[in-house]
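**Q** Handing over query_17.cif, mmCIF, N, CA and C atoms.
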```cif
data_my_file
loop_
_atom_site.group_PDB
_atom_site.id
_atom_site.type_symbol
_atom_site.label_atom_id
_atom_site.label_comp_id
_atom_site.auth_asym_id
_atom_site.auth_seq_id
_atom_site.Cartn_x
_atom_site.Cartn_y
_atom_site.Cartn_z
ATOM 1 N N MET A 1 -19.338 13.799 -17.378
ATOM 2 C CA MET A 1 -18.633 12.893 -16.473
ATOM 3 C C MET A 1 -19.084 11.459 -16.746
ATOM 4 N N ILE A 2 -18.230 10.539 -16.354
ATOM 5 C CA ILE A 2 -18.509 9.130 -16.580
ATOM 6 C C ILE A 2 -19.167 8.503 -15.351
ATOM 7 N N ASN A 3 -18.724 8.873 -14.188
ATOM 8 C CA ASN A 3 -19.148 8.244 -12.948
ATOM 9 C C ASN A 3 -20.388 8.944 -12.387
ATOM 10 N N PRO A 4 -21.478 8.201 -12.161
ATOM 11 C CA PRO A 4 -22.694 8.825 -11.622
ATOM 12 C C PRO A 4 -22.524 9.377 -10.206
ATOM 13 N N LYS A 5 -21.658 8.771 -9.398
ATOM 14 C CA LYS A 5 -21.419 9.281 -8.042
ATOM 15 C C LYS A 5 -20.819 10.683 -8.099
ATOM 16 N N ILE A 6 -19.876 10.850 -9.014
ATOM 17 C CA ILE A 6 -19.219 12.149 -9.152
ATOM 18 C C ILE A 6 -20.216 13.183 -9.665
ATOM 19 N N GLU A 7 -21.009 12.801 -10.655
ATOM 20 C CA GLU A 7 -22.006 13.727 -11.199
ATOM 21 C C GLU A 7 -23.000 14.159 -10.124
ATOM 22 N N LYS A 8 -23.450 13.198 -9.316
ATOM 23 C CA LYS A 8 -24.411 13.512 -8.254
ATOM 24 C C LYS A 8 -23.801 14.470 -7.234
ATOM 25 N N PHE A 9 -22.549 14.213 -6.845
ATOM 26 C CA PHE A 9 -21.871 15.087 -5.892
ATOM 27 C C PHE A 9 -21.798 16.508 -6.427
ATOM 28 N N LEU A 10 -21.386 16.656 -7.674
ATOM 29 C CA LEU A 10 -21.247 17.987 -8.266
ATOM 30 C C LEU A 10 -22.592 18.692 -8.394
ATOM 31 N N GLU A 11 -23.632 17.953 -8.753
ATOM 32 C CA GLU A 11 -24.961 18.553 -8.888
ATOM 33 C C GLU A 11 -25.497 18.999 -7.532
ATOM 34 N N ASN A 12 -25.316 18.173 -6.539
ATOM 35 C CA ASN A 12 -25.865 18.481 -5.213
ATOM 36 C C ASN A 12 -25.109 19.586 -4.496
ATOM 37 N N HIS A 13 -23.818 19.685 -4.714
ATOM 38 C CA HIS A 13 -23.010 20.615 -3.933
ATOM 39 C C HIS A 13 -22.478 21.799 -4.733
ATOM 40 N N ASN A 14 -22.509 21.701 -6.051
ATOM 41 C CA ASN A 14 -22.030 22.772 -6.918
ATOM 42 C C ASN A 14 -20.663 23.287 -6.466
ATOM 43 N N MET A 15 -19.756 22.362 -6.304
ATOM 44 C CA MET A 15 -18.416 22.698 -5.822
ATOM 45 C C MET A 15 -17.368 22.129 -6.769
ATOM 46 N N ASN A 16 -17.388 22.538 -7.992
ATOM 47 C CA ASN A 16 -16.448 22.002 -8.987
ATOM 48 C C ASN A 16 -14.992 22.202 -8.581
ATOM 49 N N TYR A 17 -14.667 23.411 -8.196
ATOM 50 C CA TYR A 17 -13.278 23.706 -7.850
ATOM 51 C C TYR A 17 -12.829 22.900 -6.631
ATOM 52 N N LEU A 18 -13.663 22.869 -5.620
ATOM 53 C CA LEU A 18 -13.323 22.128 -4.405
ATOM 54 C C LEU A 18 -13.156 20.642 -4.712
ATOM 55 N N PHE A 19 -14.046 20.118 -5.537
ATOM 56 C CA PHE A 19 -13.956 18.704 -5.899
ATOM 57 C C PHE A 19 -12.627 18.417 -6.599
ATOM 58 N N CYS A 20 -12.254 19.255 -7.544
ATOM 59 C CA CYS A 20 -11.000 19.061 -8.274
ATOM 60 C C CYS A 20 -9.801 19.183 -7.337
ATOM 61 N N LEU A 21 -9.853 20.128 -6.440
ATOM 62 C CA LEU A 21 -8.761 20.329 -5.487
ATOM 63 C C LEU A 21 -8.616 19.115 -4.561
ATOM 64 N N LEU A 22 -9.729 18.650 -4.016
ATOM 65 C CA LEU A 22 -9.687 17.488 -3.118
ATOM 66 C C LEU A 22 -9.258 16.228 -3.868
ATOM 67 N N SER A 23 -9.723 16.076 -5.085
ATOM 68 C CA SER A 23 -9.327 14.910 -5.889
ATOM 69 C C SER A 23 -7.837 14.924 -6.169
ATOM 70 N N ASN A 24 -7.312 16.093 -6.470
ATOM 71 C CA ASN A 24 -5.885 16.205 -6.731
ATOM 72 C C ASN A 24 -5.071 15.842 -5.486
ATOM 73 N N LYS A 25 -5.502 16.306 -4.323
ATOM 74 C CA LYS A 25 -4.812 15.958 -3.069
ATOM 75 C C LYS A 25 -4.893 14.461 -2.800
ATOM 76 N N GLU A 26 -6.038 13.874 -3.101
ATOM 77 C CA GLU A 26 -6.202 12.431 -2.890
ATOM 78 C C GLU A 26 -5.305 11.647 -3.853
ATOM 79 N N VAL A 27 -5.160 12.107 -5.071
ATOM 80 C CA VAL A 27 -4.255 11.449 -6.020
ATOM 81 C C VAL A 27 -2.828 11.492 -5.482
ATOM 82 N N GLN A 28 -2.415 12.618 -4.961
ATOM 83 C CA GLN A 28 -1.064 12.735 -4.396
ATOM 84 C C GLN A 28 -0.878 11.778 -3.224
ATOM 85 N N ARG A 29 -1.897 11.697 -2.378
ATOM 86 C CA ARG A 29 -1.816 10.803 -1.211
ATOM 87 C C ARG A 29 -1.751 9.345 -1.660
ATOM 88 N N LEU A 30 -2.587 8.963 -2.621
ATOM 89 C CA LEU A 30 -2.596 7.585 -3.110
ATOM 90 C C LEU A 30 -1.281 7.243 -3.807
ATOM 91 N N ASN A 31 -0.721 8.209 -4.486
ATOM 92 C CA ASN A 31 0.533 7.983 -5.186
ATOM 93 C C ASN A 31 1.682 7.734 -4.221
ATOM 94 N N ASP A 32 1.591 8.222 -3.002
ATOM 95 C CA ASP A 32 2.633 8.025 -1.992
ATOM 96 C C ASP A 32 2.502 6.697 -1.245
ATOM 97 N N LEU A 33 1.426 5.972 -1.479
ATOM 98 C CA LEU A 33 1.233 4.690 -0.801
ATOM 99 C C LEU A 33 2.206 3.650 -1.349
ATOM 100 N N PRO A 34 2.504 2.624 -0.559
ATOM 101 C CA PRO A 34 3.392 1.557 -1.037
ATOM 102 C C PRO A 34 2.779 0.823 -2.241
ATOM 103 N N GLU A 35 3.628 0.244 -3.033
ATOM 104 C CA GLU A 35 3.198 -0.414 -4.269
ATOM 105 C C GLU A 35 2.233 -1.569 -4.019
ATOM 106 N N PHE A 36 2.415 -2.314 -2.922
ATOM 107 C CA PHE A 36 1.541 -3.456 -2.655
ATOM 108 C C PHE A 36 0.100 -3.033 -2.399
ATOM 109 N N ILE A 37 -0.130 -1.806 -2.028
ATOM 110 C CA ILE A 37 -1.495 -1.302 -1.862
ATOM 111 C C ILE A 37 -2.015 -0.754 -3.177
ATOM 112 N N LYS A 38 -1.172 -0.025 -3.889
ATOM 113 C CA LYS A 38 -1.608 0.570 -5.155
ATOM 114 C C LYS A 38 -2.004 -0.493 -6.168
ATOM 115 N N CYS A 39 -1.383 -1.664 -6.138
ATOM 116 C CA CYS A 39 -1.708 -2.696 -7.116
ATOM 117 C C CYS A 39 -3.105 -3.286 -6.884
ATOM 118 N N LYS A 40 -3.693 -3.057 -5.711
ATOM 119 C CA LYS A 40 -5.034 -3.566 -5.414
ATOM 120 C C LYS A 40 -6.155 -2.670 -5.949
ATOM 121 N N PHE A 41 -5.815 -1.450 -6.376
ATOM 122 C CA PHE A 41 -6.835 -0.530 -6.858
ATOM 123 C C PHE A 41 -7.409 -1.012 -8.181
ATOM 124 N N LYS A 42 -8.699 -0.827 -8.326
ATOM 125 C CA LYS A 42 -9.366 -1.156 -9.579
ATOM 126 C C LYS A 42 -9.520 0.129 -10.367
ATOM 127 N N GLY A 43 -8.760 0.260 -11.408
ATOM 128 C CA GLY A 43 -8.801 1.472 -12.206
ATOM 129 C C GLY A 43 -7.593 2.337 -11.952
ATOM 130 N N LYS A 44 -7.586 3.486 -12.608
ATOM 131 C CA LYS A 44 -6.472 4.416 -12.483
ATOM 132 C C LYS A 44 -6.555 5.153 -11.148
ATOM 133 N N LEU A 45 -5.407 5.654 -10.707
ATOM 134 C CA LEU A 45 -5.359 6.375 -9.432
ATOM 135 C C LEU A 45 -6.296 7.580 -9.435
ATOM 136 N N THR A 46 -6.370 8.286 -10.545
ATOM 137 C CA THR A 46 -7.237 9.472 -10.598
ATOM 138 C C THR A 46 -8.700 9.091 -10.445
ATOM 139 N N GLU A 47 -9.099 7.984 -11.053
ATOM 140 C CA GLU A 47 -10.485 7.528 -10.933
ATOM 141 C C GLU A 47 -10.795 7.101 -9.501
ATOM 142 N N VAL A 48 -9.859 6.391 -8.905
ATOM 143 C CA VAL A 48 -10.039 5.939 -7.516
ATOM 144 C C VAL A 48 -10.128 7.149 -6.591
ATOM 145 N N ALA A 49 -9.261 8.124 -6.804
ATOM 146 C CA ALA A 49 -9.254 9.328 -5.962
ATOM 147 C C ALA A 49 -10.565 10.092 -6.096
ATOM 148 N N MET A 50 -11.039 10.275 -7.320
ATOM 149 C CA MET A 50 -12.304 10.999 -7.517
ATOM 150 C C MET A 50 -13.471 10.250 -6.901
ATOM 151 N N ASP A 51 -13.419 8.930 -6.962
ATOM 152 C CA ASP A 51 -14.473 8.128 -6.333
ATOM 153 C C ASP A 51 -14.449 8.298 -4.819
ATOM 154 N N HIS A 52 -13.258 8.295 -4.220
ATOM 155 C CA HIS A 52 -13.143 8.496 -2.770
ATOM 156 C C HIS A 52 -13.734 9.841 -2.357
ATOM 157 N N VAL A 53 -13.419 10.891 -3.099
ATOM 158 C CA VAL A 53 -13.908 12.225 -2.767
ATOM 159 C C VAL A 53 -15.419 12.303 -2.974
ATOM 160 N N ALA A 54 -15.911 11.693 -4.042
ATOM 161 C CA ALA A 54 -17.340 11.768 -4.363
ATOM 162 C C ALA A 54 -18.203 11.110 -3.291
ATOM 163 N N VAL A 55 -17.742 9.986 -2.755
ATOM 164 C CA VAL A 55 -18.529 9.293 -1.731
ATOM 165 C C VAL A 55 -18.159 9.742 -0.322
ATOM 166 N N ASN A 56 -17.198 10.669 -0.233
ATOM 167 C CA ASN A 56 -16.748 11.210 1.044
ATOM 168 C C ASN A 56 -16.260 10.103 1.981
ATOM 169 N N ASP A 57 -15.485 9.185 1.406
ATOM 170 C CA ASP A 57 -14.919 8.077 2.176
ATOM 171 C C ASP A 57 -13.460 7.940 1.764
ATOM 172 N N ILE A 58 -12.571 8.431 2.610
ATOM 173 C CA ILE A 58 -11.138 8.407 2.325
ATOM 174 C C ILE A 58 -10.505 7.329 3.199
ATOM 175 N N PRO A 59 -10.255 6.134 2.640
ATOM 176 C CA PRO A 59 -9.642 5.076 3.442
ATOM 177 C C PRO A 59 -8.205 5.421 3.801
ATOM 178 N N ASP A 60 -7.755 4.957 4.965
ATOM 179 C CA ASP A 60 -6.410 5.328 5.413
ATOM 180 C C ASP A 60 -5.350 4.271 5.113
ATOM 181 N N TYR A 61 -5.717 3.014 4.970
ATOM 182 C CA TYR A 61 -4.792 1.921 4.640
ATOM 183 C C TYR A 61 -3.733 1.669 5.705
ATOM 184 N N PHE A 62 -3.854 2.263 6.880
ATOM 185 C CA PHE A 62 -2.857 2.061 7.931
ATOM 186 C C PHE A 62 -2.791 0.605 8.378
ATOM 187 N N GLU A 63 -3.940 -0.005 8.515
ATOM 188 C CA GLU A 63 -3.975 -1.390 8.984
ATOM 189 C C GLU A 63 -3.256 -2.318 8.007
ATOM 190 N N GLU A 64 -3.499 -2.137 6.710
ATOM 191 C CA GLU A 64 -2.841 -2.969 5.713
ATOM 192 C C GLU A 64 -1.331 -2.754 5.715
ATOM 193 N N ILE A 65 -0.909 -1.519 5.872
ATOM 194 C CA ILE A 65 0.524 -1.218 5.902
ATOM 195 C C ILE A 65 1.165 -1.844 7.136
ATOM 196 N N GLN A 66 0.496 -1.757 8.282
ATOM 197 C CA GLN A 66 1.040 -2.345 9.506
ATOM 198 C C GLN A 66 1.129 -3.861 9.394
ATOM 199 N N LYS A 67 0.106 -4.497 8.817
ATOM 200 C CA LYS A 67 0.138 -5.948 8.634
ATOM 201 C C LYS A 67 1.304 -6.344 7.740
ATOM 202 N N HIS A 68 1.462 -5.625 6.647
ATOM 203 C CA HIS A 68 2.544 -5.918 5.718
ATOM 204 C C HIS A 68 3.894 -5.745 6.393
ATOM 205 N N ASP A 69 4.062 -4.666 7.145
ATOM 206 C CA ASP A 69 5.325 -4.420 7.848
ATOM 207 C C ASP A 69 5.606 -5.504 8.873
ATOM 208 N N MET A 70 4.570 -5.954 9.573
ATOM 209 C CA MET A 70 4.737 -6.993 10.578
ATOM 210 C C MET A 70 5.143 -8.320 9.913
ATOM 211 N N ILE A 71 4.526 -8.641 8.800
ATOM 212 C CA ILE A 71 4.873 -9.868 8.078
ATOM 213 C C ILE A 71 6.307 -9.797 7.580
ATOM 214 N N GLU A 72 6.701 -8.653 7.051
ATOM 215 C CA GLU A 72 8.071 -8.478 6.572
ATOM 216 C C GLU A 72 9.071 -8.595 7.726
ATOM 217 N N GLU A 73 8.738 -8.039 8.867
ATOM 218 C CA GLU A 73 9.623 -8.123 10.035
ATOM 219 C C GLU A 73 9.762 -9.570 10.500
ATOM 220 N N GLN A 74 8.649 -10.306 10.526
ATOM 221 C CA GLN A 74 8.706 -11.720 10.913
ATOM 222 C C GLN A 74 9.559 -12.513 9.929
ATOM 223 N N ARG A 75 9.393 -12.221 8.647
ATOM 224 C CA ARG A 75 10.173 -12.909 7.622
ATOM 225 C C ARG A 75 11.666 -12.604 7.799
ATOM 226 N N ARG A 76 11.978 -11.348 8.081
ATOM 227 C CA ARG A 76 13.369 -10.950 8.286
ATOM 228 C C ARG A 76 13.967 -11.648 9.504
ATOM 229 N N LEU A 77 13.183 -11.729 10.601
ATOM 230 C CA LEU A 77 13.661 -12.402 11.810
ATOM 231 C C LEU A 77 13.879 -13.893 11.571
ATOM 232 N N GLU A 78 12.986 -14.508 10.797
ATOM 233 C CA GLU A 78 13.147 -15.931 10.475
ATOM 234 C C GLU A 78 14.424 -16.163 9.669
ATOM 235 N N GLU A 79 14.695 -15.286 8.718
ATOM 236 C CA GLU A 79 15.919 -15.413 7.926
ATOM 237 C C GLU A 79 17.149 -15.262 8.811
ATOM 238 N N LEU A 80 17.101 -14.300 9.726
ATOM 239 C CA LEU A 80 18.215 -14.097 10.651
ATOM 240 C C LEU A 80 18.420 -15.324 11.527
ATOM 241 N N LYS A 81 17.333 -15.858 12.028
ATOM 242 C CA LYS A 81 17.390 -17.040 12.891
ATOM 243 C C LYS A 81 17.964 -18.231 12.119
ATOM 244 N N ASN A 82 17.513 -18.406 10.886
ATOM 245 C CA ASN A 82 18.026 -19.513 10.071
ATOM 246 C C ASN A 82 19.502 -19.342 9.769
ATOM 247 N N ARG A 83 19.943 -18.108 9.542
ATOM 248 C CA ARG A 83 21.357 -17.847 9.292
ATOM 249 C C ARG A 83 22.186 -18.186 10.518
ATOM 250 N N GLU A 84 21.685 -17.819 11.706
ATOM 251 C CA GLU A 84 22.408 -18.108 12.947
ATOM 252 C C GLU A 84 22.508 -19.609 13.164
ATOM 253 N N ILE A 85 21.434 -20.327 12.863
ATOM 254 C CA ILE A 85 21.453 -21.792 13.015
ATOM 255 C C ILE A 85 22.472 -22.390 12.056
ATOM 256 N N ASP A 86 22.478 -21.899 10.820
ATOM 257 C CA ASP A 86 23.445 -22.402 9.836
ATOM 258 C C ASP A 86 24.872 -22.093 10.276
ATOM 259 N N ASP A 87 25.112 -20.892 10.797
ATOM 260 C CA ASP A 87 26.451 -20.514 11.252
ATOM 261 C C ASP A 87 26.890 -21.391 12.417
ATOM 262 N N ASP A 88 25.981 -21.662 13.363
ATOM 263 C CA ASP A 88 26.303 -22.514 14.504
ATOM 264 C C ASP A 88 26.645 -23.930 14.030
ATOM 265 N N PHE A 89 25.895 -24.414 13.061
ATOM 266 C CA PHE A 89 26.137 -25.755 12.551
ATOM 267 C C PHE A 89 27.503 -25.840 11.882
ATOM 268 N N GLU A 90 27.860 -24.811 11.113
ATOM 269 C CA GLU A 90 29.149 -24.807 10.435
ATOM 270 C C GLU A 90 30.296 -24.711 11.433
ATOM 271 N N GLU A 91 30.105 -24.009 12.562
ATOM 272 C CA GLU A 91 31.150 -23.918 13.577
ATOM 273 C C GLU A 91 31.359 -25.260 14.256
ATOM 274 N N GLU A 92 30.267 -26.011 14.485
ATOM 275 C CA GLU A 92 30.384 -27.306 15.141
ATOM 276 C C GLU A 92 30.966 -28.364 14.211
ATOM 277 N N PHE A 93 30.532 -28.310 12.961
ATOM 278 C CA PHE A 93 30.952 -29.313 11.987
ATOM 279 C C PHE A 93 31.555 -28.608 10.768
ATOM 280 N N PRO A 94 32.788 -28.151 10.889
ATOM 281 C CA PRO A 94 33.390 -27.450 9.749
ATOM 282 C C PRO A 94 33.596 -28.408 8.582
ATOM 283 N N LEU A 95 33.446 -27.879 7.406
ATOM 284 C CA LEU A 95 33.664 -28.695 6.206
ATOM 285 C C LEU A 95 35.151 -28.874 5.991
ATOM 286 N N GLU A 96 35.527 -30.107 5.757
ATOM 287 C CA GLU A 96 36.939 -30.375 5.479
ATOM 288 C C GLU A 96 37.046 -30.727 4.001
ATOM 289 N N LEU A 97 37.934 -30.028 3.351
ATOM 290 C CA LEU A 97 38.131 -30.280 1.937
ATOM 291 C C LEU A 97 39.051 -31.482 1.761
ATOM 292 N N GLY A 98 38.670 -32.343 0.852
ATOM 293 C CA GLY A 98 39.501 -33.522 0.577
ATOM 294 C C GLY A 98 40.758 -33.134 -0.157
ATOM 295 N N GLU A 99 41.846 -33.859 0.127
ATOM 296 C CA GLU A 99 43.131 -33.513 -0.509
ATOM 297 C C GLU A 99 43.471 -34.501 -1.562
#
```
Here is the file; what I need is its structure written in the form of structure tokens.

**A**
Amino acid sequence: MINPKIEKFLENHNMNYLFCLLSNKEVQRLNDLPEFIKCKFKGKLTEVAMDHVAVNDIPDYFEEIQKHDMIEEQRRLEELKNREIDDDFEEEFPLELGE
């Protein structure tokens, strides 16, 4: 193995099959995350997943997803508001084409 954390986990617990099974599940879970979170990972998804299992720390990323969703919702509302303002302005001052 390359990673000392993984080697230590396997030596201490002698659970090769369980480690592989949990790592595979973690890879599937990480693969289902939104792209804006996956791009923050350092290394390949499989390496990140094995590291999470080895240190027994599985982050949930819920907070980051909620923040991103809230920012996107605010951005969408601002665009809607700006469109309504533009529409109101055009109704008050319609453009007249020169003849």

**Q** Have a look at atom C of Asp60 (chain A) and atom C of Glu78 (chain A) and let me know their distance in Å, one decimal.

**A**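 It comes out at 28.8 Å.
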
**Q** So how far away is atom N of Phe36 (chain A) from atom N of Ile65 (chain A), in Å?

**A** 9.4 Å

**Q** Using the chain letters and numbers from this file, what does the PyMOL selection byres ((chain A and resi 23) around 8) select? Give the answer as a list in words.

**A** Tyr17, Leu18, Phe19, Cys20, Leu21, Leu22, Asn24, Lys25, Glu26, Val27, Gln28, Arg29, Thr46, Val48, Ala49, Met50, Asp51, His52, Val53 and Ala54 of chain A

**Q** Provide the atom C of Ile6 (chain A) to CA of Phe62 (chain A) distance in Å, to one decimal place.

**A**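 CA of Phe62 (chain A) lies 27.1 Å from atom C of Ile6 (chain A).
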
**Q** With 5 Å on each side, where is the centre of the axis-aligned box around all listed atoms of region 23-40 of chain A, and how long are its edges in Å to one decimal, as JSON?

**A**
```
{"center_x": -3.0, "center_y": 6.4, "center_z": -3.8, "size_x": 23.4, "size_y": 29.9, "size_z": 16.6}
```
